[in-house]
file structure-v5.txt (compact mmCIF, N, CA and C atoms)
# COMPACT_ATOMS: atom_id res chain seq x y z
N MET A 98 0.56 -9.05 -25.67
CA MET A 98 -0.40 -7.98 -25.51
C MET A 98 0.28 -6.82 -24.79
N GLN A 99 0.17 -5.64 -25.36
CA GLN A 99 0.75 -4.42 -24.79
C GLN A 99 -0.18 -3.89 -23.71
N ARG A 100 0.35 -3.63 -22.53
CA ARG A 100 -0.45 -3.07 -21.44
C ARG A 100 -0.34 -1.56 -21.44
N ALA A 101 -1.39 -0.95 -20.92
CA ALA A 101 -1.39 0.52 -20.82
C ALA A 101 -0.31 0.96 -19.84
N PRO A 102 0.34 2.09 -20.10
CA PRO A 102 1.39 2.56 -19.20
C PRO A 102 0.86 2.98 -17.84
N SER A 103 -0.44 3.26 -17.77
CA SER A 103 -1.02 3.70 -16.52
C SER A 103 -2.36 3.01 -16.33
N SER A 104 -2.67 2.65 -15.10
CA SER A 104 -3.97 2.06 -14.80
C SER A 104 -4.35 2.46 -13.38
N PRO A 105 -5.65 2.49 -13.10
CA PRO A 105 -6.07 2.84 -11.75
C PRO A 105 -5.58 1.82 -10.71
N GLN A 106 -5.46 0.57 -11.12
CA GLN A 106 -4.96 -0.46 -10.20
C GLN A 106 -3.51 -0.18 -9.80
N ARG A 107 -2.71 0.19 -10.76
CA ARG A 107 -1.30 0.50 -10.46
C ARG A 107 -1.20 1.72 -9.54
N ILE A 108 -2.05 2.70 -9.79
CA ILE A 108 -2.03 3.91 -8.97
C ILE A 108 -2.45 3.57 -7.54
N SER A 109 -3.47 2.72 -7.37
CA SER A 109 -3.92 2.37 -6.02
C SER A 109 -2.83 1.61 -5.26
N VAL A 110 -2.11 0.74 -5.96
CA VAL A 110 -1.01 0.01 -5.30
C VAL A 110 0.12 0.97 -4.95
N ALA A 111 0.43 1.89 -5.84
CA ALA A 111 1.50 2.86 -5.55
C ALA A 111 1.11 3.78 -4.39
N LEU A 112 -0.16 4.17 -4.32
CA LEU A 112 -0.60 4.96 -3.17
C LEU A 112 -0.53 4.14 -1.89
N GLY A 113 -0.82 2.85 -1.99
CA GLY A 113 -0.65 1.96 -0.84
C GLY A 113 0.80 1.89 -0.40
N LEU A 114 1.71 1.88 -1.37
CA LEU A 114 3.13 1.89 -1.03
C LEU A 114 3.50 3.18 -0.31
N CYS A 115 2.92 4.29 -0.73
CA CYS A 115 3.16 5.56 -0.02
C CYS A 115 2.66 5.46 1.42
N LEU A 116 1.50 4.83 1.63
CA LEU A 116 0.98 4.66 2.99
C LEU A 116 1.90 3.77 3.83
N VAL A 117 2.43 2.72 3.22
CA VAL A 117 3.36 1.84 3.95
C VAL A 117 4.61 2.61 4.36
N MET A 118 5.12 3.44 3.47
CA MET A 118 6.31 4.22 3.81
C MET A 118 6.01 5.22 4.92
N LEU A 119 4.83 5.85 4.86
CA LEU A 119 4.44 6.76 5.94
C LEU A 119 4.29 6.02 7.26
N ALA A 120 3.74 4.81 7.21
CA ALA A 120 3.55 4.02 8.43
C ALA A 120 4.88 3.57 9.02
N ALA A 121 5.90 3.45 8.19
CA ALA A 121 7.22 3.02 8.68
C ALA A 121 8.01 4.16 9.33
N LEU A 122 7.67 5.39 8.99
CA LEU A 122 8.45 6.53 9.51
C LEU A 122 8.49 6.59 11.05
N PRO A 123 7.37 6.43 11.77
CA PRO A 123 7.46 6.49 13.23
C PRO A 123 8.37 5.40 13.82
N ARG A 124 8.39 4.27 13.17
CA ARG A 124 9.24 3.16 13.63
C ARG A 124 10.72 3.57 13.60
N TYR A 125 11.13 4.19 12.52
CA TYR A 125 12.52 4.59 12.40
C TYR A 125 12.82 5.84 13.21
N LEU A 126 11.83 6.69 13.40
CA LEU A 126 11.99 7.85 14.25
C LEU A 126 12.25 7.42 15.69
N ALA A 127 11.44 6.46 16.17
CA ALA A 127 11.60 5.97 17.55
C ALA A 127 12.93 5.24 17.73
N GLY A 128 13.39 4.58 16.67
CA GLY A 128 14.64 3.83 16.77
C GLY A 128 15.88 4.67 16.54
N GLY A 129 15.69 5.92 16.15
CA GLY A 129 16.84 6.80 15.92
C GLY A 129 17.59 6.48 14.63
N HIS A 130 16.89 5.98 13.64
CA HIS A 130 17.52 5.61 12.36
C HIS A 130 17.31 6.73 11.34
N GLU A 131 18.07 7.80 11.48
CA GLU A 131 17.89 8.97 10.65
C GLU A 131 18.17 8.69 9.17
N THR A 132 19.17 7.86 8.89
CA THR A 132 19.50 7.56 7.51
C THR A 132 18.34 6.83 6.83
N ARG A 133 17.76 5.87 7.51
CA ARG A 133 16.61 5.15 6.94
C ARG A 133 15.41 6.07 6.77
N GLN A 134 15.22 6.96 7.73
CA GLN A 134 14.13 7.94 7.61
C GLN A 134 14.31 8.78 6.36
N THR A 135 15.50 9.26 6.15
CA THR A 135 15.79 10.10 5.00
C THR A 135 15.54 9.33 3.71
N LEU A 136 15.99 8.10 3.64
CA LEU A 136 15.78 7.29 2.44
C LEU A 136 14.30 7.03 2.18
N ILE A 137 13.54 6.79 3.24
CA ILE A 137 12.11 6.56 3.08
C ILE A 137 11.42 7.83 2.59
N VAL A 138 11.80 8.97 3.13
CA VAL A 138 11.19 10.23 2.68
C VAL A 138 11.52 10.48 1.21
N ILE A 139 12.75 10.22 0.80
CA ILE A 139 13.13 10.39 -0.60
C ILE A 139 12.31 9.44 -1.48
N ALA A 140 12.20 8.18 -1.07
CA ALA A 140 11.42 7.21 -1.84
C ALA A 140 9.95 7.61 -1.88
N LEU A 141 9.44 8.12 -0.78
CA LEU A 141 8.04 8.57 -0.72
C LEU A 141 7.79 9.69 -1.72
N VAL A 142 8.69 10.65 -1.78
CA VAL A 142 8.54 11.75 -2.73
C VAL A 142 8.60 11.24 -4.17
N LEU A 143 9.50 10.33 -4.45
CA LEU A 143 9.62 9.78 -5.80
C LEU A 143 8.37 8.99 -6.20
N VAL A 144 7.89 8.13 -5.32
CA VAL A 144 6.70 7.33 -5.63
C VAL A 144 5.47 8.23 -5.76
N ALA A 145 5.33 9.20 -4.88
CA ALA A 145 4.19 10.12 -4.97
C ALA A 145 4.24 10.92 -6.27
N SER A 146 5.43 11.30 -6.70
CA SER A 146 5.58 12.01 -7.98
C SER A 146 5.18 11.11 -9.14
N ALA A 147 5.59 9.86 -9.09
CA ALA A 147 5.22 8.91 -10.14
C ALA A 147 3.72 8.68 -10.16
N VAL A 148 3.10 8.63 -8.99
CA VAL A 148 1.65 8.47 -8.91
C VAL A 148 0.96 9.66 -9.59
N PHE A 149 1.44 10.85 -9.32
CA PHE A 149 0.85 12.04 -9.92
C PHE A 149 0.96 11.99 -11.44
N VAL A 150 2.12 11.63 -11.95
CA VAL A 150 2.31 11.52 -13.40
C VAL A 150 1.40 10.45 -13.98
N GLN A 151 1.33 9.30 -13.31
CA GLN A 151 0.45 8.22 -13.77
C GLN A 151 -1.01 8.65 -13.75
N TRP A 152 -1.42 9.38 -12.72
CA TRP A 152 -2.80 9.86 -12.63
C TRP A 152 -3.12 10.80 -13.79
N ARG A 153 -2.17 11.65 -14.13
CA ARG A 153 -2.38 12.59 -15.24
C ARG A 153 -2.56 11.85 -16.56
N MET A 154 -1.98 10.66 -16.68
CA MET A 154 -2.07 9.88 -17.91
C MET A 154 -3.37 9.09 -18.02
N LEU A 155 -4.13 8.98 -16.94
CA LEU A 155 -5.36 8.21 -16.95
C LEU A 155 -6.46 8.90 -17.77
N SER A 156 -7.28 8.08 -18.38
CA SER A 156 -8.46 8.62 -19.05
C SER A 156 -9.49 9.01 -17.99
N VAL A 157 -10.49 9.77 -18.39
CA VAL A 157 -11.54 10.19 -17.46
C VAL A 157 -12.27 8.97 -16.91
N ALA A 158 -12.55 8.00 -17.76
CA ALA A 158 -13.25 6.78 -17.31
C ALA A 158 -12.41 6.01 -16.29
N ALA A 159 -11.12 5.95 -16.52
CA ALA A 159 -10.24 5.24 -15.58
C ALA A 159 -10.14 6.00 -14.26
N ARG A 160 -10.15 7.31 -14.31
CA ARG A 160 -10.11 8.11 -13.07
C ARG A 160 -11.35 7.88 -12.22
N GLN A 161 -12.46 7.60 -12.87
CA GLN A 161 -13.71 7.37 -12.14
C GLN A 161 -13.71 6.05 -11.38
N THR A 162 -12.85 5.11 -11.76
CA THR A 162 -12.76 3.84 -11.03
C THR A 162 -11.81 3.93 -9.84
N LEU A 163 -11.03 4.99 -9.79
CA LEU A 163 -10.05 5.12 -8.71
C LEU A 163 -10.66 5.23 -7.31
N PRO A 164 -11.74 5.97 -7.09
CA PRO A 164 -12.31 6.01 -5.73
C PRO A 164 -12.72 4.63 -5.20
N ARG A 165 -13.27 3.78 -6.07
CA ARG A 165 -13.63 2.43 -5.65
C ARG A 165 -12.39 1.63 -5.24
N LEU A 166 -11.32 1.78 -5.99
CA LEU A 166 -10.08 1.08 -5.67
C LEU A 166 -9.45 1.61 -4.38
N LEU A 167 -9.57 2.92 -4.15
CA LEU A 167 -9.02 3.49 -2.92
C LEU A 167 -9.82 3.04 -1.70
N LYS A 168 -11.14 2.89 -1.85
CA LYS A 168 -11.94 2.32 -0.76
C LYS A 168 -11.50 0.89 -0.48
N ARG A 169 -11.23 0.14 -1.54
CA ARG A 169 -10.74 -1.23 -1.39
C ARG A 169 -9.39 -1.24 -0.67
N LEU A 170 -8.51 -0.30 -1.02
CA LEU A 170 -7.21 -0.18 -0.36
C LEU A 170 -7.38 0.09 1.12
N VAL A 171 -8.26 1.02 1.48
CA VAL A 171 -8.50 1.34 2.89
C VAL A 171 -9.02 0.10 3.63
N MET A 172 -9.95 -0.61 3.01
CA MET A 172 -10.49 -1.82 3.65
C MET A 172 -9.39 -2.87 3.85
N MET A 173 -8.53 -3.03 2.88
CA MET A 173 -7.44 -4.00 2.99
C MET A 173 -6.43 -3.56 4.05
N MET A 174 -6.20 -2.25 4.16
CA MET A 174 -5.31 -1.76 5.21
C MET A 174 -5.89 -2.05 6.58
N LEU A 175 -7.19 -1.83 6.74
CA LEU A 175 -7.84 -2.15 8.02
C LEU A 175 -7.79 -3.64 8.30
N LEU A 176 -8.01 -4.44 7.27
CA LEU A 176 -7.92 -5.90 7.41
C LEU A 176 -6.49 -6.31 7.79
N GLY A 177 -5.51 -5.64 7.20
CA GLY A 177 -4.11 -5.91 7.53
C GLY A 177 -3.79 -5.57 8.97
N MET A 178 -4.34 -4.45 9.45
CA MET A 178 -4.15 -4.08 10.86
C MET A 178 -4.78 -5.12 11.78
N ALA A 179 -6.00 -5.55 11.43
CA ALA A 179 -6.67 -6.57 12.24
C ALA A 179 -5.88 -7.87 12.22
N GLY A 180 -5.41 -8.25 11.05
CA GLY A 180 -4.62 -9.48 10.93
C GLY A 180 -3.35 -9.44 11.75
N MET A 181 -2.65 -8.32 11.69
CA MET A 181 -1.42 -8.19 12.48
C MET A 181 -1.73 -8.11 13.97
N GLY A 182 -2.85 -7.48 14.32
CA GLY A 182 -3.24 -7.43 15.73
C GLY A 182 -3.48 -8.83 16.27
N ILE A 183 -4.20 -9.64 15.52
CA ILE A 183 -4.45 -11.03 15.93
C ILE A 183 -3.15 -11.82 15.97
N TRP A 184 -2.33 -11.68 14.94
CA TRP A 184 -1.06 -12.42 14.88
C TRP A 184 -0.18 -12.09 16.09
N HIS A 185 -0.01 -10.81 16.36
CA HIS A 185 0.87 -10.42 17.47
C HIS A 185 0.25 -10.77 18.82
N ALA A 186 -1.07 -10.74 18.91
CA ALA A 186 -1.71 -11.13 20.17
C ALA A 186 -1.52 -12.61 20.46
N LEU A 187 -1.53 -13.42 19.43
CA LEU A 187 -1.42 -14.87 19.62
C LEU A 187 0.02 -15.38 19.68
N PHE A 188 0.91 -14.78 18.93
CA PHE A 188 2.22 -15.40 18.74
C PHE A 188 3.42 -14.59 19.20
N THR A 189 3.24 -13.35 19.61
CA THR A 189 4.41 -12.57 20.02
C THR A 189 4.11 -11.83 21.32
N ASP A 190 5.17 -11.35 21.94
CA ASP A 190 5.00 -10.42 23.05
C ASP A 190 4.58 -9.08 22.46
N TRP A 191 4.11 -8.18 23.31
CA TRP A 191 3.68 -6.88 22.83
C TRP A 191 4.82 -6.18 22.13
N ILE A 192 4.50 -5.64 20.99
CA ILE A 192 5.47 -4.84 20.24
C ILE A 192 5.01 -3.39 20.31
N SER A 193 5.84 -2.51 19.89
CA SER A 193 5.48 -1.09 19.93
C SER A 193 4.39 -0.79 18.89
N TRP A 194 3.67 0.29 19.10
CA TRP A 194 2.64 0.67 18.14
C TRP A 194 3.26 1.03 16.80
N GLN A 195 4.50 1.50 16.81
CA GLN A 195 5.17 1.86 15.57
C GLN A 195 5.39 0.63 14.69
N VAL A 196 5.83 -0.46 15.31
CA VAL A 196 6.04 -1.69 14.56
C VAL A 196 4.69 -2.27 14.12
N PHE A 197 3.70 -2.17 15.00
CA PHE A 197 2.37 -2.69 14.68
C PHE A 197 1.78 -2.03 13.44
N ILE A 198 1.81 -0.70 13.37
CA ILE A 198 1.21 -0.04 12.20
C ILE A 198 2.03 -0.30 10.93
N SER A 199 3.33 -0.43 11.10
CA SER A 199 4.18 -0.74 9.95
C SER A 199 3.84 -2.12 9.40
N HIS A 200 3.74 -3.10 10.29
CA HIS A 200 3.40 -4.46 9.86
C HIS A 200 1.98 -4.53 9.30
N GLY A 201 1.04 -3.86 9.95
CA GLY A 201 -0.34 -3.88 9.49
C GLY A 201 -0.52 -3.24 8.12
N ALA A 202 0.15 -2.11 7.89
CA ALA A 202 0.07 -1.44 6.60
C ALA A 202 0.70 -2.30 5.50
N THR A 203 1.80 -2.95 5.83
CA THR A 203 2.45 -3.82 4.85
C THR A 203 1.55 -4.99 4.48
N LEU A 204 0.95 -5.63 5.48
CA LEU A 204 0.03 -6.72 5.19
C LEU A 204 -1.17 -6.23 4.39
N GLY A 205 -1.69 -5.06 4.73
CA GLY A 205 -2.82 -4.49 3.99
C GLY A 205 -2.49 -4.25 2.53
N LEU A 206 -1.31 -3.72 2.25
CA LEU A 206 -0.90 -3.49 0.87
C LEU A 206 -0.74 -4.82 0.13
N LEU A 207 -0.17 -5.79 0.78
CA LEU A 207 -0.01 -7.11 0.18
C LEU A 207 -1.38 -7.70 -0.16
N LEU A 208 -2.33 -7.61 0.76
CA LEU A 208 -3.67 -8.12 0.51
C LEU A 208 -4.35 -7.37 -0.64
N HIS A 209 -4.15 -6.07 -0.70
CA HIS A 209 -4.73 -5.26 -1.78
C HIS A 209 -4.17 -5.69 -3.13
N ALA A 210 -2.85 -5.79 -3.22
CA ALA A 210 -2.23 -6.17 -4.49
C ALA A 210 -2.65 -7.59 -4.91
N LEU A 211 -2.67 -8.51 -3.96
CA LEU A 211 -3.09 -9.87 -4.29
C LEU A 211 -4.55 -9.94 -4.71
N SER A 212 -5.40 -9.15 -4.06
CA SER A 212 -6.81 -9.17 -4.44
C SER A 212 -7.01 -8.58 -5.84
N LEU A 213 -6.26 -7.56 -6.18
CA LEU A 213 -6.35 -7.00 -7.54
C LEU A 213 -5.85 -8.01 -8.57
N TRP A 214 -4.78 -8.70 -8.25
CA TRP A 214 -4.27 -9.73 -9.15
C TRP A 214 -5.31 -10.83 -9.33
N TRP A 215 -5.91 -11.26 -8.23
CA TRP A 215 -6.91 -12.32 -8.27
C TRP A 215 -8.11 -11.89 -9.13
N LEU A 216 -8.59 -10.67 -8.94
CA LEU A 216 -9.71 -10.18 -9.75
C LEU A 216 -9.35 -10.12 -11.23
N ASN A 217 -8.14 -9.69 -11.52
CA ASN A 217 -7.69 -9.63 -12.90
C ASN A 217 -7.62 -11.01 -13.51
N GLU A 218 -7.14 -11.99 -12.76
CA GLU A 218 -7.09 -13.37 -13.25
C GLU A 218 -8.50 -13.91 -13.51
N GLN A 219 -9.42 -13.58 -12.61
CA GLN A 219 -10.80 -14.05 -12.79
C GLN A 219 -11.44 -13.43 -14.02
N GLN A 220 -11.13 -12.18 -14.29
CA GLN A 220 -11.73 -11.48 -15.44
C GLN A 220 -11.16 -11.94 -16.76
N THR A 221 -9.89 -12.34 -16.77
CA THR A 221 -9.25 -12.74 -18.03
C THR A 221 -9.49 -14.21 -18.35
N SER A 222 -9.94 -14.99 -17.39
CA SER A 222 -10.16 -16.41 -17.71
C SER A 222 -11.60 -16.71 -18.01

call {"tool": "encode", "arguments": {"input": "structure-v5.txt", "output": "structure tokens"}}
result
Amino acid sequence: MQRAPSSPQRISVALGLCLVMLAALPRYLAGGHETRQTLIVIALVLVASAVFVQWRMLSVAARQTLPRLLKRLVMMMLLGMAGMGIWHALFTDWISWQVFISHGATLGLLLHALSLWWLNEQQTS
């Protein structure tokens, strides 16, 4: 089965990746890792450009589902922050806020992508 080159789910995950890269920037700024910062900014621009192109390829009906998916992404990001807050409170010494938001955003994106996969599996079976 041929899949569409663009989907609202893919765009929401790519936007989540942009958020993860933005959340990682303060961590590398505080650590003085200019080369990593530069690479993340370059990757951010490339992914954001791809998101824009993918968005332009969406049908009007598919664009209308994007706000619901973005709300889901925000909820998963908040859940990821809460999960990392609990994890670090129970199992680690205090880490910097830069590392905390980076870890929380990453967990949130992972939860978002897995939940979309799970929903897709439920719909196809």

call {"tool": "closest_residue", "arguments": {"input": "structure-v5.txt", "among": "A:His209, A:Arg133, A:Arg107, A:His185", "to": "Met173 (chain A)", "atoms": "all atoms listed in the file"}}
result
A:His209

call {"tool": "closest_residue", "arguments": {"input": "structure-v5.txt", "among": "A:Gln151, A:Ser222, A:Asn217, A:Gln195", "to": "Ala120 (chain A)", "atoms": "all atoms listed in the file"}}
result
A:Gln195

call {"tool": "closest_residue", "arguments": {"input": "structure-v5.txt", "among": "A:Met118, A:Leu126, A:Ala202, A:Ile139", "to": "Met174 (chain A)", "atoms": "all atoms listed in the file"}}
result
A:Ala202

call {"tool": "closest_residue", "arguments": {"input": "structure-v5.txt", "among": "A:Leu176, A:Leu208, A:Ile108, A:Leu122", "to": "Arg160 (chain A)", "atoms": "only C-alpha atoms"}}
result
A:Ile108

call {"tool": "closest_residue", "arguments": {"input": "structure-v5.txt", "among": "A:Thr189, A:Gln219, A:Ser104, A:Thr203", "to": "Val117 (chain A)", "atoms": "all atoms listed in the file"}}
result
A:Thr203

call {"tool": "atom_distance", "arguments": {"input": "structure-v5.txt", "atom1": "CA of Val196 (chain A)", "atom2": "CA of Glu131 (chain A)"}}
result
16.4 Å

call {"tool": "atom_distance", "arguments": {"input": "structure-v5.txt", "atom1": "atom C of Leu163 (chain A)", "atom2": "CA of Gly182 (chain A)"}}
result
27.3 Å

call {"tool": "atom_distance", "arguments": {"input": "structure-v5.txt", "atom1": "CA of Thr132 (chain A)", "atom2": "CA of Ser109 (chain A)"}}
result
27.5 Å

call {"tool": "residues_around", "arguments": {"input": "structure-v5.txt", "residues": "Cys115 (chain A)", "least_positions_apart": "6", "cutoff": "9 Å", "atoms": "only C-alpha atoms", "output": "number ranges by chain"}}
result
A: 140-142, 144-145

call {"tool": "write_last_selection", "arguments": {"input": "structure-v5.txt", "atoms": "N, CA and C atoms", "output": "mmCIF file, in the frame of the given file"}}
result
data_model
loop_
_atom_site.group_PDB
_atom_site.id
_atom_site.type_symbol
_atom_site.label_atom_id
_atom_site.label_comp_id
_atom_site.auth_asym_id
_atom_site.auth_seq_id
_atom_site.Cartn_x
_atom_site.Cartn_y
_atom_site.Cartn_z
ATOM 1 N N ALA A 140 12.200 8.180 -1.070
ATOM 2 C CA ALA A 140 11.420 7.210 -1.840
ATOM 3 C C ALA A 140 9.950 7.610 -1.880
ATOM 4 N N LEU A 141 9.440 8.120 -0.780
ATOM 5 C CA LEU A 141 8.040 8.570 -0.720
ATOM 6 C C LEU A 141 7.790 9.690 -1.720
ATOM 7 N N VAL A 142 8.690 10.650 -1.780
ATOM 8 C CA VAL A 142 8.540 11.750 -2.730
ATOM 9 C C VAL A 142 8.600 11.240 -4.170
ATOM 10 N N VAL A 144 7.890 8.130 -5.320
ATOM 11 C CA VAL A 144 6.700 7.330 -5.630
ATOM 12 C C VAL A 144 5.470 8.230 -5.760
ATOM 13 N N ALA A 145 5.330 9.200 -4.880
ATOM 14 C CA ALA A 145 4.190 10.120 -4.970
ATOM 15 C C ALA A 145 4.240 10.920 -6.270
#

call {"tool": "closest_residue", "arguments": {"input": "structure-v5.txt", "among": "A:Thr162, A:Ala111, A:Leu119, A:Leu175", "to": "Ala147 (chain A)", "atoms": "only N, CA and C atoms"}}
result
A:Ala111

call {"tool": "residues_near_point", "arguments": {"input": "structure-v5.txt", "point": "(-6.8, -5.5, -12.1)", "cutoff": "6 Å", "atoms": "only N, CA and C atoms", "output": "PDB file with N, CA and C atoms, in the frame of the given file"}}
result
ATOM      1  N   GLN A 106      -5.460   0.570 -11.120  1.00  0.00           N
ATOM      2  CA  GLN A 106      -4.960  -0.460 -10.200  1.00  0.00           C
ATOM      3  C   GLN A 106      -3.510  -0.180  -9.800  1.00  0.00           C
ATOM      4  N   LEU A 213      -6.260  -7.560  -6.180  1.00  0.00           N
ATOM      5  CA  LEU A 213      -6.350  -7.000  -7.540  1.00  0.00           C
ATOM      6  C   LEU A 213      -5.850  -8.010  -8.570  1.00  0.00           C
ATOM      7  N   TRP A 214      -4.780  -8.700  -8.250  1.00  0.00           N
ATOM      8  CA  TRP A 214      -4.270  -9.730  -9.150  1.00  0.00           C
ATOM      9  C   TRP A 214      -5.310 -10.830  -9.330  1.00  0.00           C
ATOM     10  N   LEU A 216      -8.590 -10.670  -8.940  1.00  0.00           N
ATOM     11  CA  LEU A 216      -9.710 -10.180  -9.750  1.00  0.00           C
ATOM     12  C   LEU A 216      -9.350 -10.120 -11.230  1.00  0.00           C
ATOM     13  N   ASN A 217      -8.140  -9.690 -11.520  1.00  0.00           N
ATOM     14  CA  ASN A 217      -7.690  -9.630 -12.900  1.00  0.00           C
ATOM     15  C   ASN A 217      -7.620 -11.010 -13.510  1.00  0.00           C
TER      16      ASN A 217
END

call {"tool": "build_atoms", "arguments": {"input": "structure-v5.txt", "residues": "region 123-135 of chain A", "atoms": "N, CA, C and O atoms", "output": "tab-separated table (two decimals), keeping the file's coordinate frame"}}
result
chain	number	residue	atom	x	y	z
A	123	PRO	N	7.37	6.43	11.77
A	123	PRO	CA	7.46	6.49	13.23
A	123	PRO	C	8.37	5.40	13.82
A	123	PRO	O	9.03	5.62	14.82
A	124	ARG	N	8.39	4.27	13.17
A	124	ARG	CA	9.24	3.16	13.63
A	124	ARG	C	10.72	3.57	13.60
A	124	ARG	O	11.46	3.31	14.54
A	125	TYR	N	11.13	4.19	12.52
A	125	TYR	CA	12.52	4.59	12.40
A	125	TYR	C	12.82	5.84	13.21
A	125	TYR	O	13.94	6.02	13.68
A	126	LEU	N	11.83	6.69	13.40
A	126	LEU	CA	11.99	7.85	14.25
A	126	LEU	C	12.25	7.42	15.69
A	126	LEU	O	13.16	7.92	16.35
A	127	ALA	N	11.44	6.46	16.17
A	127	ALA	CA	11.60	5.97	17.55
A	127	ALA	C	12.93	5.24	17.73
A	127	ALA	O	13.52	5.29	18.81
A	128	GLY	N	13.39	4.58	16.67
A	128	GLY	CA	14.64	3.83	16.77
A	128	GLY	C	15.88	4.67	16.54
A	128	GLY	O	16.99	4.18	16.70
A	129	GLY	N	15.69	5.92	16.15
A	129	GLY	CA	16.84	6.80	15.92
A	129	GLY	C	17.59	6.48	14.63
A	129	GLY	O	18.80	6.69	14.55
A	130	HIS	N	16.89	5.98	13.64
A	130	HIS	CA	17.52	5.61	12.36
A	130	HIS	C	17.31	6.73	11.34
A	130	HIS	O	16.49	6.63	10.44
A	131	GLU	N	18.07	7.80	11.48
A	131	GLU	CA	17.89	8.97	10.65
A	131	GLU	C	18.17	8.69	9.17
A	131	GLU	O	17.49	9.22	8.30
A	132	THR	N	19.17	7.86	8.89
A	132	THR	CA	19.50	7.56	7.51
A	132	THR	C	18.34	6.83	6.83
A	132	THR	O	17.97	7.16	5.69
A	133	ARG	N	17.76	5.87	7.51
A	133	ARG	CA	16.61	5.15	6.94
A	133	ARG	C	15.41	6.07	6.77
A	133	ARG	O	14.68	5.98	5.78
A	134	GLN	N	15.22	6.96	7.73
A	134	GLN	CA	14.13	7.94	7.61
A	134	GLN	C	14.31	8.78	6.36
A	134	GLN	O	13.36	8.99	5.61
A	135	THR	N	15.50	9.26	6.15
A	135	THR	CA	15.79	10.10	5.00
A	135	THR	C	15.54	9.33	3.71
A	135	THR	O	14.92	9.86	2.77
